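Trainee: Okay, handing you the structure first.
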Amino acid sequence: MDTIPQHVSIIMDGNGRWAKARGMERVKGHMEGVESVRACLEAAAEAGVKYLSVYAFSEENWNRPQEEVMFLMELMMKAMRKELSSFMENDIRFVVLGNRSRLSRGLCDTIDDMMERTAGNKRTTLILFLSYSGKWDLLQAMKKACAELTPEQFQSMELQDFDRYLVTAGIPDPDLLIRTSGELRLSNYMLWQCAYTEFYFTDVLWPDFRKPQFLEALEAYARRDRRYGKVK
Ligand code: IPE
Ligand code: IPE
Ligand code: MG
């Protein structure tokens with residue numbers, strides 16, 4: 001059982017290329033990608049993974065064409081609302097993390113409502129990183145710590161004290177990070193939290209990443225030897 005990761009995180013990439021390969025608009029790839037989130041959540045819950053997090057929209061993604069950004073925001077709002085009953089039935093807690101300053105009021109209200117309603121669910125937590133970046137997270141953590149602590153307390157802060165200022169406070173660091181579509185980079189994702197995470201890269205495009213592919217990643221993780229700098 002200890003080979004099942006507690007927290008699996010996914011950089012969902014390749015929606016645009018998936019659609020392009022089929023002669024479709026990029027947005028069709030995003031729509032199909034929602035099905036992959038559903039499939040991976042089901043697989044994660046069945047396998048006993050307690051936290052599944054997905055990078056849905058980075059701070060850098062605001063620089064995409066406005067129509068695509070608007071489509072993605074609408075899609076996420078609709079998909080969230082649609083999933084509520086399934087989250088309640090399957091005991092899934094839903095959490096959204098990121099920089100809310102550019103999100104619409106309607107989206108923020110939907111997020112708050114979903115988080116409140118699912119707060120007591122215990123089986124698996126699904127975390128959606130929305131308008132998130134790792135550097136932003138570190139900066140907001142430092143600002144929060146500075147505002148809360150006296151200069152003496154700030155100076156005596158230990159490494160483990162810092163976690164509680166990140167937006168991921170209370171959530172264990174990812175054990176396994178999956179990135180689809182053959183890109184080999186972190187794209188400003190959880191920079192602090194991934195310090196000792198196992199990485200899994202696959203050429204499969206996100207809309208094609210379903211249960212069998214998720215289980216394959218879990219199997220690869222089970223074969224890893226996590227040494228944390230020690231000699232085994
Ligand atoms: C990932 O797919 C979804 C988001 C980043 C929102 P992309 O839209 O990045 O697809 P590609 O990388 O262009 O194929
Ligand atoms: C990373 O994908 C961000 C998300 C999956 C939300 P991108 O497609 O935006 O990243 P780059 O541009 O390849 O680094
Ligand atoms: Mg991409």
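Identifiers in the structure tokens: chain A, B, ... in order shown; residue index from 1 per chain; ligand index from 1 in order shown.
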From a DSSP pass on the backbone, collect the residues of stretch 14-226 of chain A flagged as alpha helix (DSSP H) and hand them back as a PyMOL selection string.
Mentor: chain A and resi 15-21+26-47+66-89+105-118+134-148+151-155+159-162+211-222
Trainee: Just the residues within 10 Å of A:Glu35, please, counting only C-alpha atoms, with nothing from its chain fewer than 2 positions along; format it as a list in words.
Mentor: His30, Met31, Glu32, Gly33, Val37, Arg38, Ala39, Cys40, Leu41, Ala79, Trp206, Pro207, Asp208, Phe209 and Arg210 of chain A
Trainee: Quick one: pick out all strand (DSSP E) residues within stretch 4-59 of chain A from a backbone DSSP run and write them as a ChimeraX atom specification.
Mentor: /A:7-11,51-58
Trainee: Near A:Ala47, within 12 Å and counting only C-alpha atoms, which residues show up once chain neighbours fewer than 3 positions away are dropped, as a ChimeraX atom specification?
Mentor: /A:1-8,40-44,50-52,123-124,211,214-215,218-219
Trainee: Output N, CA, C and O atoms for every residue in that selection, as a compact mmCIF listing (two decimals), in the first residue's frame.
Mentor:
# COMPACT_ATOMS: atom_id res chain seq x y z
N MET A 1 0.81 -1.22 0.00
CA MET A 1 0.00 0.00 0.00
C MET A 1 0.85 1.28 0.00
O MET A 1 0.42 2.31 -0.48
N ASP A 2 2.07 1.20 0.55
CA ASP A 2 2.89 2.42 0.60
C ASP A 2 3.41 2.80 -0.79
O ASP A 2 4.05 3.83 -0.95
N THR A 3 3.15 1.97 -1.80
CA THR A 3 3.57 2.34 -3.14
C THR A 3 2.50 3.18 -3.84
O THR A 3 2.72 3.66 -4.94
N ILE A 4 1.34 3.32 -3.20
CA ILE A 4 0.32 4.22 -3.74
C ILE A 4 0.65 5.63 -3.28
O ILE A 4 0.73 5.90 -2.09
N PRO A 5 0.87 6.55 -4.24
CA PRO A 5 1.20 7.92 -3.81
C PRO A 5 0.02 8.57 -3.10
O PRO A 5 -1.14 8.33 -3.45
N GLN A 6 0.34 9.37 -2.11
CA GLN A 6 -0.71 10.08 -1.37
C GLN A 6 -1.25 11.24 -2.22
O GLN A 6 -2.44 11.50 -2.23
N HIS A 7 -0.35 11.91 -2.91
CA HIS A 7 -0.73 13.07 -3.72
C HIS A 7 -0.16 12.93 -5.14
O HIS A 7 1.06 12.88 -5.31
N VAL A 8 -1.04 12.87 -6.11
CA VAL A 8 -0.64 12.85 -7.53
C VAL A 8 -1.05 14.18 -8.14
O VAL A 8 -2.18 14.65 -7.95
N CYS A 40 -9.44 10.36 -14.61
CA CYS A 40 -8.30 10.26 -13.68
C CYS A 40 -8.76 10.37 -12.23
O CYS A 40 -8.22 9.71 -11.34
N LEU A 41 -9.77 11.20 -11.98
CA LEU A 41 -10.29 11.33 -10.62
C LEU A 41 -10.89 10.00 -10.17
O LEU A 41 -10.65 9.56 -9.04
N GLU A 42 -11.63 9.37 -11.05
CA GLU A 42 -12.24 8.08 -10.72
C GLU A 42 -11.16 7.05 -10.43
O GLU A 42 -11.22 6.33 -9.43
N ALA A 43 -10.14 7.02 -11.30
CA ALA A 43 -9.05 6.06 -11.12
C ALA A 43 -8.29 6.34 -9.82
O ALA A 43 -7.93 5.41 -9.08
N ALA A 44 -8.07 7.62 -9.53
CA ALA A 44 -7.33 8.00 -8.32
C ALA A 44 -8.11 7.57 -7.07
O ALA A 44 -7.54 6.97 -6.15
N LYS A 50 -5.21 9.97 -2.10
CA LYS A 50 -6.00 10.90 -1.27
C LYS A 50 -6.10 12.30 -1.87
O LYS A 50 -7.07 13.02 -1.63
N TYR A 51 -5.08 12.71 -2.64
CA TYR A 51 -5.10 14.04 -3.26
C TYR A 51 -4.74 13.93 -4.73
O TYR A 51 -3.70 13.36 -5.08
N LEU A 52 -5.62 14.46 -5.57
CA LEU A 52 -5.31 14.57 -7.00
C LEU A 52 -5.36 16.06 -7.33
O LEU A 52 -6.39 16.71 -7.12
N ARG A 123 -13.19 11.07 0.83
CA ARG A 123 -12.51 9.99 0.10
C ARG A 123 -11.24 10.48 -0.60
O ARG A 123 -10.15 10.02 -0.35
N THR A 124 -11.40 11.46 -1.50
CA THR A 124 -10.26 12.02 -2.23
C THR A 124 -10.50 13.52 -2.37
O THR A 124 -11.63 13.96 -2.53
N LYS A 211 -7.93 6.36 -17.75
CA LYS A 211 -7.66 5.42 -16.66
C LYS A 211 -6.43 4.52 -16.91
O LYS A 211 -5.55 4.44 -16.03
N PHE A 214 -3.31 6.52 -16.52
CA PHE A 214 -3.13 6.94 -15.12
C PHE A 214 -2.55 5.77 -14.31
O PHE A 214 -1.61 5.94 -13.53
N LEU A 215 -3.12 4.58 -14.53
CA LEU A 215 -2.64 3.39 -13.79
C LEU A 215 -1.20 3.05 -14.17
O LEU A 215 -0.41 2.62 -13.32
N LEU A 218 0.97 5.20 -12.15
CA LEU A 218 1.06 4.70 -10.76
C LEU A 218 2.01 3.51 -10.67
O LEU A 218 2.77 3.39 -9.71
N GLU A 219 1.98 2.66 -11.70
CA GLU A 219 2.89 1.51 -11.72
C GLU A 219 4.35 1.97 -11.82
O GLU A 219 5.22 1.44 -11.15
Trainee: Within 8 Å of ligand 3, which residues show up when you count only C-alpha atoms and all ligand atoms? List them as a list in words, please.
Mentor: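 Answer in the requested format: Met12, Asp13, Gly14, Asn15, Gly16 and Ser181 of chain A.
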Trainee: Hey, which residues come within 7 Å of ligand 2 if we count only C-alpha atoms and all ligand atoms? Could you give them as a PyMOL selection string?
Mentor: chain A and resi 11-14+55-58+60-61+183+185+187
Trainee: Go ahead and dump the residues you just picked, N, CA and C atoms, as a tab-separated table (two decimals), in the first residue's frame.
Mentor:
chain	number	residue	atom	x	y	z
A	11	ILE	N	0.20	18.06	-14.79
A	11	ILE	CA	0.23	19.21	-15.69
A	11	ILE	C	-0.44	18.73	-16.98
A	12	MET	N	-1.68	19.13	-17.13
A	12	MET	CA	-2.51	18.63	-18.24
A	12	MET	C	-2.16	19.42	-19.50
A	13	ASP	N	-1.43	18.80	-20.40
A	13	ASP	CA	-0.94	19.56	-21.56
A	13	ASP	C	-1.22	18.80	-22.86
A	14	GLY	N	-1.43	19.56	-23.93
A	14	GLY	CA	-1.59	18.96	-25.26
A	14	GLY	C	-2.99	19.01	-25.83
A	55	TYR	N	-3.24	21.07	-12.90
A	55	TYR	CA	-2.89	22.43	-13.30
A	55	TYR	C	-3.80	22.77	-14.48
A	56	ALA	N	-4.79	23.59	-14.23
A	56	ALA	CA	-5.81	23.86	-15.25
A	56	ALA	C	-5.53	25.15	-16.03
A	57	PHE	N	-4.93	26.13	-15.34
A	57	PHE	CA	-4.70	27.43	-15.98
A	57	PHE	C	-3.60	28.16	-15.24
A	58	SER	N	-2.53	28.49	-15.95
A	58	SER	CA	-1.40	29.16	-15.28
A	58	SER	C	-1.56	30.67	-15.38
A	60	GLU	N	0.53	32.52	-16.65
A	60	GLU	CA	1.02	32.83	-18.00
A	60	GLU	C	-0.06	32.61	-19.06
A	61	ASN	N	-1.02	31.72	-18.76
A	61	ASN	CA	-2.08	31.44	-19.73
A	61	ASN	C	-3.00	32.63	-19.98
A	183	GLU	N	6.18	17.53	-23.24
A	183	GLU	CA	6.94	18.70	-22.79
A	183	GLU	C	7.67	18.35	-21.50
A	185	ARG	N	9.08	20.26	-18.90
A	185	ARG	CA	9.34	21.43	-18.04
A	185	ARG	C	8.24	21.57	-17.00
A	187	SER	N	6.92	24.65	-16.14
A	187	SER	CA	6.04	25.78	-16.49
A	187	SER	C	5.51	26.53	-15.27
Trainee: In Å, rounded to a single decimal, give me how far atom CA of A:Glu116 is from atom CA of A:Leu149.
Mentor: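 Distance reported for this atom pair: 28.7 Å.
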Trainee: Write out as JSON, numbers by chain each polymer residue whose atoms come within 9 Å of A:Phe154, counting only C-alpha atoms; drop sequence neighbours fewer than 6 positions from it.
Mentor: {"A": [145, 146, 148]}
Trainee: Write out, as a PDB file, in the first residue's frame, the residues just selected, with all heavy atoms.
Mentor:
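Written output follows (result_11.pdb):
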ATOM      1  N   ALA A 145       3.596  36.010   5.457  1.00  0.00           N
ATOM      2  CA  ALA A 145       4.445  35.760   6.624  1.00  0.00           C
ATOM      3  C   ALA A 145       4.945  37.088   7.207  1.00  0.00           C
ATOM      4  O   ALA A 145       4.933  37.291   8.422  1.00  0.00           O
ATOM      5  CB  ALA A 145       5.611  34.860   6.243  1.00  0.00           C
ATOM      6  N   CYS A 146       5.334  37.996   6.312  1.00  0.00           N
ATOM      7  CA  CYS A 146       5.824  39.306   6.762  1.00  0.00           C
ATOM      8  C   CYS A 146       4.747  40.073   7.512  1.00  0.00           C
ATOM      9  O   CYS A 146       5.024  40.735   8.512  1.00  0.00           O
ATOM     10  CB  CYS A 146       6.256  40.148   5.566  1.00  0.00           C
ATOM     11  SG  CYS A 146       7.969  39.937   5.162  1.00  0.00           S
ATOM     12  N   GLU A 148       2.165  38.806   9.123  1.00  0.00           N
ATOM     13  CA  GLU A 148       1.704  38.129  10.334  1.00  0.00           C
ATOM     14  C   GLU A 148       2.721  38.103  11.457  1.00  0.00           C
ATOM     15  O   GLU A 148       2.370  38.089  12.626  1.00  0.00           O
ATOM     16  CB  GLU A 148       1.376  36.662   9.990  1.00  0.00           C
ATOM     17  CG  GLU A 148      -0.084  36.449   9.646  1.00  0.00           C
ATOM     18  CD  GLU A 148      -0.357  34.975   9.374  1.00  0.00           C
ATOM     19  OE1 GLU A 148       0.159  34.110  10.111  1.00  0.00           O
ATOM     20  OE2 GLU A 148      -1.074  34.727   8.413  1.00  0.00           O
TER      21      GLU A 148
END
Trainee: Would you pick out the contacts of A:Met115 at 8 Å or less, using only C-alpha atoms, so that residues sharing its chain but fewer than 5 positions from it are not included, and give the list as JSON, numbers by chain?
Mentor: {"A": [93, 94, 95, 96]}
Trainee: When you look at A:Phe201 with a cut-off of 9 Å (counting only C-alpha atoms), what residues show up, excluding the ones that are within fewer than 4 positions of it in the same chain? I need them as a list of chain:residue names.
Mentor: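 Non-adjacent residues within range: A:Leu177, A:Ile178, A:Arg179, A:Thr180, A:Ser181, A:Gly182, A:Glu183, A:Leu184, A:Ala217.
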Trainee: May I have the residues within 12 Å of stretch 103-108 of chain A as a PDB file with C-alpha atoms, in the first residue's frame, using only C-alpha atoms and disregarding those fewer than 6 positions away in the same chain?
Mentor:
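This is the output file around_5.pdb:
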ATOM      1  CA  PHE A  57      -4.703  27.430 -15.984  1.00  0.00           C
ATOM      2  CA  GLU A  59      -0.858  32.853 -14.684  1.00  0.00           C
ATOM      3  CA  TRP A  62      -3.733  34.879 -19.372  1.00  0.00           C
ATOM      4  CA  VAL A  69      -9.188  32.524 -22.176  1.00  0.00           C
ATOM      5  CA  MET A  70     -12.896  33.345 -22.050  1.00  0.00           C
ATOM      6  CA  LEU A  72     -11.655  28.206 -20.744  1.00  0.00           C
ATOM      7  CA  MET A  73     -13.182  30.230 -17.893  1.00  0.00           C
ATOM      8  CA  GLU A  74     -16.718  29.416 -19.086  1.00  0.00           C
ATOM      9  CA  LEU A  75     -15.827  25.755 -19.552  1.00  0.00           C
ATOM     10  CA  MET A  76     -14.412  25.493 -16.045  1.00  0.00           C
ATOM     11  CA  MET A  77     -17.432  27.157 -14.488  1.00  0.00           C
ATOM     12  CA  LYS A  78     -19.831  24.834 -16.325  1.00  0.00           C
ATOM     13  CA  ALA A  79     -17.768  21.704 -15.667  1.00  0.00           C
ATOM     14  CA  MET A  80     -17.544  22.501 -11.941  1.00  0.00           C
ATOM     15  CA  ARG A  81     -21.280  23.008 -11.566  1.00  0.00           C
ATOM     16  CA  VAL A  95     -10.580  22.771  -3.762  1.00  0.00           C
ATOM     17  CA  VAL A  96      -9.508  25.565  -6.127  1.00  0.00           C
ATOM     18  CA  LEU A  97      -6.171  27.341  -5.572  1.00  0.00           C
ATOM     19  CA  MET A 114     -18.400  24.238  -4.407  1.00  0.00           C
ATOM     20  CA  MET A 115     -15.633  24.316  -1.806  1.00  0.00           C
ATOM     21  CA  LEU A 130      -6.486  28.033 -11.530  1.00  0.00           C
ATOM     22  CA  SER A 131      -4.617  31.235 -12.390  1.00  0.00           C
ATOM     23  CA  TYR A 132      -1.741  29.761 -10.421  1.00  0.00           C
TER      24      TYR A 132
END
Trainee: Atom 9 (O, counted along the ligand's line) of ligand 1 to atom CA of A:Glu46: how many Å, to one decimal?
Mentor: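 Taking atom 9 (O, counted along the ligand's line) of ligand 1 and atom CA of A:Glu46, their separation equals 27.8 Å.
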Trainee: Determine the nearest neighbour of ligand 1 from the options A:Gly134, A:Leu166, A:Ser9, A:Val34, counting only C-alpha atoms and all ligand atoms.
Mentor: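 Looking only at the distances to ligand 1, the closest residue turns out to be A:Val34.
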Trainee: Using only C-alpha atoms and all ligand atoms, can you tell me which of A:Ala220, A:Val49, A:Val167, A:Val204 comes closest to ligand 1?
Mentor: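 Distance minimum relative to ligand 1 lands on A:Val204.
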